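What follows is a single structure, written as structure tokens, with notes after it.
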Number of protein chains: 2
Amino acid sequence: MATLDKGHHFLIAPDLERPGLTRRVTGLDQNGEASEISVVEERPLTIFLNSQEIVTAMTIGDYPQYLALGFLRNQGMLSVDDIVTGVDFDEELETVVVRTEHQTDHEEKLKKKTRTSGCAVGTVFGDMMEGLEGLELPQTEVRTSWLYSLADQINRTPSLYLEAGAIHGTILCHEDRPLVYMEDVGRHNAVDKIAGWMMSEGADAGDKILYTTGRLTSEMVIKTAMMGIPVLASRSGFTAWGVEIAREVGLTLIGRMRGRRFICLAGEDRLIRDADPSSVRDENARHTRKGRA
Amino acid sequence: MATLDKGHHFLIAPDLERPGLTRRVTGLDQNGEASEISVVEERPLTIFLNSQEIVTAMTIGDYPQYLALGFLRNQGMLSVDDIVTGVDFDEELETVVVRTEHQTDHEEKLKKKTRTSGCAVGTVFGDMMEGLEGLELPQTEVRTSWLYSLADQINRTPSLYLEAGAIHGTILCHEDRPLVYMEDVGRHNAVDKIAGWMMSEGADAGDKILYTTGRLTSEMVIKTAMMGIPVLASRSGFTAWGVEIAREVGLTLIGRMRGRRFICLAGEDRLIRDADPSSVRDENARHTRKGRA
């Protein structure tokens with residue numbers, strides 16, 4: 001378990017000692033000299049809901065049960081009323097089977113489903129948009145001092161990203177404390193793993209902040225709203241549809257968080273501006289997450 | 001058509017004047033002051049092969065016909081033997097229908113298909129891996145001077161990325177000349193649009209280099225190989241499976257290209273080291289693609 005210098009502890013932090021998440025590979029650098037680097041693993045995981053095969057996700061491979069649970073929940077295939085009786089991971093078969101007490105209505109849903117492709121998507125919009133109908137996110141407050149503190153703590157936390165790059169992180173936070181830090185080759189997987197953890201722990205969503213290293217696309221906004229989390233922040237940028245959905249569902253959307261700078265494009269009413277931006281140190285190149293080679 | 005200072009012309013370059021690719025949105029910055037920024041559009045596009053609905057991709061929306069053709073080709077759903085009789089885009093319905101002279105075997109293939117999720121994936125591995133059987137990529141040469149020149153030209157080309165961020169680019173190159181520069185919210189879409197352009201133009205693949213701003217995941221490597229392009233370069237990092245597949249199919253894989261630095265993790269035998277890395281200027285913060293706010 002990782003420790004922060006503020007004396008806080010993550011409940012889950014990146015585990016750089018865990019075997020099988022990265023691999024050392026050797027290549028030749030620009031001078032033709034042998035160079036050994038760490039690269040992240042990427043492996044298929046097929047998710048079943050009862051006897052129905054749902055999806056094969058490419059994942060780094062940690063927390064397969066959380067990933068499966070969270071994926072099904074964020075897709076709207078598993079409702080709050082469904083009683084989960086088991087989540088069985090078979091490492092050899094690379095499968096997770098989520099079992100529910102009663103059959104769910106996922107078979108009907110599967111017919112409606114559209115399969116989506118590409119980095120900004122990857123999952124199922126029909127169901128997801130459906131799940132947002134009637135959603136109300138709580139009118140919490142978000143202090144800008146928390147946002148600055150979270151970004152600073154998260155950037156300085158040892159992570160697979162810092163070790164090997166080519167990976168996204170999503171962090172569940174409460175006020176100025178980062179609680180659960182998930183990473184994955186697919187940023188949607190990182191969010192789904194957080195959702196699965198929240199389901200398993202029965203964690204409240206209404207008082208949380210979700211921080212992601214990835215872009216604020218429609219799918220990221222939909223997933224965050226589906227989870228009932230009212231605030232989504234990122235150091236990356238926005239898509240127009242992401243902004244539109246956030247405004248529609250009343251989610252606070254903060255992007256381009258770099259040092260003292262950020263921009264809030266939706267749900268500004270939650271922000272309590274208690275920090276003086278000019279007192280926040282700007283990022284220098286050495287601490288810039290995306291600036292590293 | 002954009003002009004490069006070397007006097008070269010792109011065949012297709014990012015078109016910042018094209019309406020509908022970005023939108024101006026207003027938010028509040030860290031000081032609570034109104035700030036207007038450009039954000040990229042993201043819209044659904046449903047691809048049909050004859051009467052069969054295949055996928056709904058989230059895309060920025062330019063070149064829908066190339067995207068549809070390239071997606072089907074890179075998925076192995078459209079073989080070189082299939083004669084395409086029409087590619088019809090309906091803007092209002094947000095659909096593209098690709099028609100072939102004869103029914104394809106896609107219906108059988110659809111049964112085998114696994115749907116995948118997450119940023120590192122998004123498409124269909126079963127078919128794609130199948131398409132790689134027996135593939136032989138030509139033993140071309142790649143001069144490191146071309147790679148340095150390409151990276152420099154591409155970084156300085158006006159793009160939607162520089163305008164709005166949150167978008168990936170993929171560039172088809174010949175020797176030291178970038179030819180076709182596609183951008184999309186999903187980096188796989190950008191590659192598929194290149195594939196569609198190549199199909200439409202009957203372009204040779206064996207003498208080309210593909211440059212991407214995104215990560216070198218298994219899917220990017222598979223798509224590049226499916227297109228018959230022997231070299232894939234990126235400023236981003238690798239996944240272990242991406243490296244493994246590149247080594248298996250004999251594709252030259254170069255990553256972490258930043259200024260003078262790069263690392264080659266597969267297919268080193270194609271590299272001709274004709275440039276002195278120490279003569280290449282290192283990136284400074286202002287020119288760092290990912291370093292910008």
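To be explicit about the labels: the chains of the structure tokens are called A, B, and onward in the order shown, and within each one the residues are counted from 1, while ligands get numbers from 1 in the order they are shown.
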May I have a table of the residues of segment 5-89 of chain B lying at most 10 Å from segment 250-269 of chain A, giving each one's closest pair of atoms and their distance in Å to one decimal, counting only C-alpha atoms, ordered by chain and ascending residue number, as a Markdown table?
| residue | atom | partner | partner_atom | distance |
| --- | --- | --- | --- | --- |
| B:Val25 | CA | A:Leu265 | CA | 7.6 |
| B:Thr26 | CA | A:Leu265 | CA | 6.7 |
| B:Gly27 | CA | A:Leu265 | CA | 4.4 |
| B:Leu28 | CA | A:Cys264 | CA | 5.3 |
| B:Asp29 | CA | A:Ile263 | CA | 4.3 |
| B:Gln30 | CA | A:Phe262 | CA | 5.3 |
| B:Asn31 | CA | A:Arg261 | CA | 8.6 |
| B:Gly32 | CA | A:Ile263 | CA | 8.9 |
| B:Glu33 | CA | A:Ile263 | CA | 9.4 |
| B:Ala34 | CA | A:Ile263 | CA | 9.2 |
| B:Ser35 | CA | A:Ile263 | CA | 7.7 |
| B:Glu36 | CA | A:Ile263 | CA | 9.5 |
| B:Ile37 | CA | A:Ile263 | CA | 9.2 |
With a distance cut-off of 7 Å and only C-alpha atoms, select the neighbouring residues of segment 161-169 of chain B, excluding the residue or stretch itself and same-chain residues fewer than 2 positions from it, and output the selection as a PyMOL selection string.
(chain A and resi 215+236-239) or (chain B and resi 38-40+158-159+171+181-187+190+212-214)
Write out as a PyMOL selection string the set of residues from segment 164-275 of chain A that DSSP, computed on the backbone, places in helix (DSSP H, G or I).
chain A and resi 164+187-201+218-226+240-249+268-270
Across A:Gly70, A:Pro19, A:Pro14, A:Pro44, the smallest distance to chain B, with only C-alpha atoms counted, is shown by A:Pro44
Which one of A:Asp282, A:Glu41, A:Glu219, A:Asp276 sits closest to Ala240 of chain A if you count only C-alpha atoms?
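Among the listed residues, the smallest separation from Ala240 of chain A belongs to A:Glu219.
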Within 12 Å of Leu45 of chain A, counting only C-alpha atoms, which residues qualify if same-chain residues fewer than 3 places away don't, as an mmCIF file with N, CA, C and O atoms, in the first residue's frame?
data_model
loop_
_atom_site.group_PDB
_atom_site.id
_atom_site.type_symbol
_atom_site.label_atom_id
_atom_site.label_comp_id
_atom_site.auth_asym_id
_atom_site.auth_seq_id
_atom_site.Cartn_x
_atom_site.Cartn_y
_atom_site.Cartn_z
ATOM 1 N N GLU A 42 -0.622 -6.367 -22.036
ATOM 2 C CA GLU A 42 -1.926 -6.122 -22.635
ATOM 3 C C GLU A 42 -2.476 -7.505 -22.943
ATOM 4 O O GLU A 42 -1.871 -8.232 -23.717
ATOM 5 N N PHE A 48 -18.218 -12.680 -19.141
ATOM 6 C CA PHE A 48 -19.514 -13.350 -19.285
ATOM 7 C C PHE A 48 -20.469 -12.806 -18.232
ATOM 8 O O PHE A 48 -20.070 -12.572 -17.094
ATOM 9 N N GLU A 53 -21.734 -14.643 -23.280
ATOM 10 C CA GLU A 53 -20.476 -13.931 -23.505
ATOM 11 C C GLU A 53 -20.793 -12.501 -23.901
ATOM 12 O O GLU A 53 -21.593 -12.254 -24.805
ATOM 13 N N ILE A 54 -20.158 -11.538 -23.223
ATOM 14 C CA ILE A 54 -20.516 -10.139 -23.465
ATOM 15 C C ILE A 54 -19.454 -9.416 -24.287
ATOM 16 O O ILE A 54 -19.766 -8.749 -25.263
ATOM 17 N N VAL A 55 -18.202 -9.550 -23.886
ATOM 18 C CA VAL A 55 -17.189 -8.721 -24.519
ATOM 19 C C VAL A 55 -15.805 -9.311 -24.225
ATOM 20 O O VAL A 55 -15.612 -10.008 -23.227
ATOM 21 N N THR A 56 -14.854 -9.050 -25.129
ATOM 22 C CA THR A 56 -13.458 -9.313 -24.811
ATOM 23 C C THR A 56 -12.738 -7.977 -24.731
ATOM 24 O O THR A 56 -12.685 -7.235 -25.706
ATOM 25 N N ALA A 57 -12.273 -7.658 -23.549
ATOM 26 C CA ALA A 57 -11.555 -6.401 -23.342
ATOM 27 C C ALA A 57 -10.062 -6.687 -23.350
ATOM 28 O O ALA A 57 -9.623 -7.745 -22.931
ATOM 29 N N MET A 58 -9.276 -5.724 -23.827
ATOM 30 C CA MET A 58 -7.829 -5.815 -23.716
ATOM 31 C C MET A 58 -7.453 -5.047 -22.457
ATOM 32 O O MET A 58 -7.741 -3.858 -22.342
ATOM 33 N N THR A 59 -6.784 -5.743 -21.541
ATOM 34 C CA THR A 59 -6.524 -5.134 -20.236
ATOM 35 C C THR A 59 -5.128 -5.470 -19.753
ATOM 36 O O THR A 59 -4.521 -6.449 -20.211
ATOM 37 N N ILE A 60 -4.635 -4.687 -18.824
ATOM 38 C CA ILE A 60 -3.330 -4.973 -18.251
ATOM 39 C C ILE A 60 -3.390 -6.222 -17.384
ATOM 40 O O ILE A 60 -2.396 -6.906 -17.206
ATOM 41 N N GLY A 61 -4.566 -6.520 -16.855
ATOM 42 C CA GLY A 61 -4.765 -7.817 -16.217
ATOM 43 C C GLY A 61 -4.949 -7.809 -14.708
ATOM 44 O O GLY A 61 -5.277 -8.858 -14.146
ATOM 45 N N ASP A 62 -4.771 -6.676 -14.038
ATOM 46 C CA ASP A 62 -5.027 -6.686 -12.595
ATOM 47 C C ASP A 62 -6.528 -6.446 -12.343
ATOM 48 O O ASP A 62 -7.213 -5.885 -13.166
ATOM 49 N N TYR A 63 -7.006 -6.890 -11.230
ATOM 50 C CA TYR A 63 -8.401 -6.683 -10.814
ATOM 51 C C TYR A 63 -9.435 -7.077 -11.876
ATOM 52 O O TYR A 63 -10.321 -6.283 -12.213
ATOM 53 N N PRO A 64 -9.331 -8.305 -12.427
ATOM 54 C CA PRO A 64 -10.302 -8.701 -13.455
ATOM 55 C C PRO A 64 -11.744 -8.720 -12.950
ATOM 56 O O PRO A 64 -12.666 -8.415 -13.712
ATOM 57 N N GLN A 65 -11.931 -9.069 -11.696
ATOM 58 C CA GLN A 65 -13.291 -9.102 -11.161
ATOM 59 C C GLN A 65 -13.899 -7.705 -11.099
ATOM 60 O O GLN A 65 -15.056 -7.503 -11.467
ATOM 61 N N LEU A 67 -13.033 -5.225 -12.935
ATOM 62 C CA LEU A 67 -13.240 -4.790 -14.322
ATOM 63 C C LEU A 67 -14.552 -5.343 -14.866
ATOM 64 O O LEU A 67 -15.353 -4.621 -15.473
ATOM 65 N N ALA A 68 -14.792 -6.629 -14.639
ATOM 66 C CA ALA A 68 -16.008 -7.258 -15.170
ATOM 67 C C ALA A 68 -17.259 -6.648 -14.543
ATOM 68 O O ALA A 68 -18.208 -6.262 -15.238
ATOM 69 N N PHE A 71 -17.616 -2.973 -15.682
ATOM 70 C CA PHE A 71 -17.997 -2.875 -17.096
ATOM 71 C C PHE A 71 -19.496 -3.127 -17.255
ATOM 72 O O PHE A 71 -20.210 -2.356 -17.891
ATOM 73 N N PHE A 89 -13.091 -15.647 -11.728
ATOM 74 C CA PHE A 89 -12.011 -15.376 -12.685
ATOM 75 C C PHE A 89 -11.258 -16.660 -12.948
ATOM 76 O O PHE A 89 -10.844 -17.346 -12.014
ATOM 77 N N ASP A 90 -11.081 -16.996 -14.216
ATOM 78 C CA ASP A 90 -10.261 -18.145 -14.600
ATOM 79 C C ASP A 90 -9.044 -17.617 -15.350
ATOM 80 O O ASP A 90 -9.160 -17.186 -16.501
ATOM 81 N N GLU A 91 -7.904 -17.662 -14.681
ATOM 82 C CA GLU A 91 -6.703 -17.046 -15.253
ATOM 83 C C GLU A 91 -6.275 -17.740 -16.547
ATOM 84 O O GLU A 91 -5.880 -17.093 -17.508
ATOM 85 N N GLU A 92 -6.414 -19.066 -16.552
ATOM 86 C CA GLU A 92 -5.947 -19.825 -17.715
ATOM 87 C C GLU A 92 -6.824 -19.545 -18.944
ATOM 88 O O GLU A 92 -6.335 -19.335 -20.044
ATOM 89 N N LEU A 93 -8.133 -19.518 -18.720
ATOM 90 C CA LEU A 93 -9.069 -19.260 -19.823
ATOM 91 C C LEU A 93 -9.213 -17.768 -20.115
ATOM 92 O O LEU A 93 -9.874 -17.387 -21.072
ATOM 93 N N GLU A 94 -8.644 -16.927 -19.264
ATOM 94 C CA GLU A 94 -8.760 -15.472 -19.412
ATOM 95 C C GLU A 94 -10.220 -15.043 -19.491
ATOM 96 O O GLU A 94 -10.638 -14.329 -20.406
ATOM 97 N N THR A 95 -10.991 -15.531 -18.550
ATOM 98 C CA THR A 95 -12.419 -15.193 -18.518
ATOM 99 C C THR A 95 -12.831 -14.791 -17.099
ATOM 100 O O THR A 95 -12.224 -15.215 -16.113
ATOM 101 N N VAL A 96 -13.850 -13.951 -17.043
ATOM 102 C CA VAL A 96 -14.529 -13.675 -15.790
ATOM 103 C C VAL A 96 -16.006 -13.934 -16.020
ATOM 104 O O VAL A 96 -16.579 -13.463 -17.006
ATOM 105 N N VAL A 97 -16.614 -14.692 -15.128
ATOM 106 C CA VAL A 97 -18.047 -14.932 -15.209
ATOM 107 C C VAL A 97 -18.714 -14.243 -14.022
ATOM 108 O O VAL A 97 -18.380 -14.519 -12.869
ATOM 109 N N ASN A 189 -11.221 0.879 -19.134
ATOM 110 C CA ASN A 189 -11.043 -0.223 -18.184
ATOM 111 C C ASN A 189 -10.697 0.315 -16.807
ATOM 112 O O ASN A 189 -11.150 -0.216 -15.794
ATOM 113 N N THR B 114 -15.609 -11.315 -31.385
ATOM 114 C CA THR B 114 -15.709 -10.879 -30.003
ATOM 115 C C THR B 114 -15.733 -9.363 -30.015
ATOM 116 O O THR B 114 -15.009 -8.723 -30.757
ATOM 117 N N ARG B 115 -16.589 -8.817 -29.233
ATOM 118 C CA ARG B 115 -16.590 -7.369 -29.131
ATOM 119 C C ARG B 115 -15.591 -6.956 -28.058
ATOM 120 O O ARG B 115 -15.479 -7.595 -27.021
ATOM 121 N N THR B 116 -14.899 -5.930 -28.323
ATOM 122 C CA THR B 116 -13.842 -5.530 -27.400
ATOM 123 C C THR B 116 -14.096 -4.116 -26.912
ATOM 124 O O THR B 116 -14.828 -3.362 -27.510
ATOM 125 N N SER B 117 -13.494 -3.801 -25.817
ATOM 126 C CA SER B 117 -13.744 -2.479 -25.235
ATOM 127 C C SER B 117 -12.466 -1.819 -24.803
ATOM 128 O O SER B 117 -11.432 -2.456 -24.644
ATOM 129 N N GLY B 118 -12.540 -0.534 -24.578
ATOM 130 C CA GLY B 118 -11.409 0.164 -23.980
ATOM 131 C C GLY B 118 -10.580 0.873 -25.011
ATOM 132 O O GLY B 118 -10.626 0.566 -26.199
ATOM 133 N N VAL B 121 -8.207 -0.834 -27.546
ATOM 134 C CA VAL B 121 -8.756 -1.849 -28.413
ATOM 135 C C VAL B 121 -9.895 -1.311 -29.241
ATOM 136 O O VAL B 121 -9.729 -0.448 -30.066
ATOM 137 N N PHE B 125 -10.538 -8.775 -32.550
ATOM 138 C CA PHE B 125 -9.237 -9.420 -32.655
ATOM 139 C C PHE B 125 -9.242 -10.717 -33.435
ATOM 140 O O PHE B 125 -8.306 -11.006 -34.151
#
Shell of 7 Å around Met227 of chain A, only C-alpha atoms, local chain residues under 4 positions omitted, as a list of chain:residue names:
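What passes the distance filter is A:Asn74, A:Ala195, A:Ala205, A:Lys223.
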Gap from atom CA of Glu244 of chain B to atom CA of Ala151 of chain B - Å, one decimal
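Separation of atom CA of Glu244 of chain B and atom CA of Ala151 of chain B: 24.5 Å.
Atom pair atom CA of Leu232 of chain A / atom CA of Leu216 of chain A: separated by 8.4 Å.
Nearest to chain B of all the residues A:Leu78, A:Leu147, A:Cys173, A:Ile83 is A:Leu147, counting only C-alpha atoms.
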As an exercise, work out the distance from atom CA of Gln52 of chain A to atom CA of Ile222 of chain A in Å and give it to one decimal place.
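If I compute the distance from atom CA of Gln52 of chain A to atom CA of Ile222 of chain A, I get 24.2 Å.
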If you count only C-alpha atoms, the residue of B:Arg18, B:Arg273, B:Lys193, B:His188 closest to chain A turns out to be B:His188
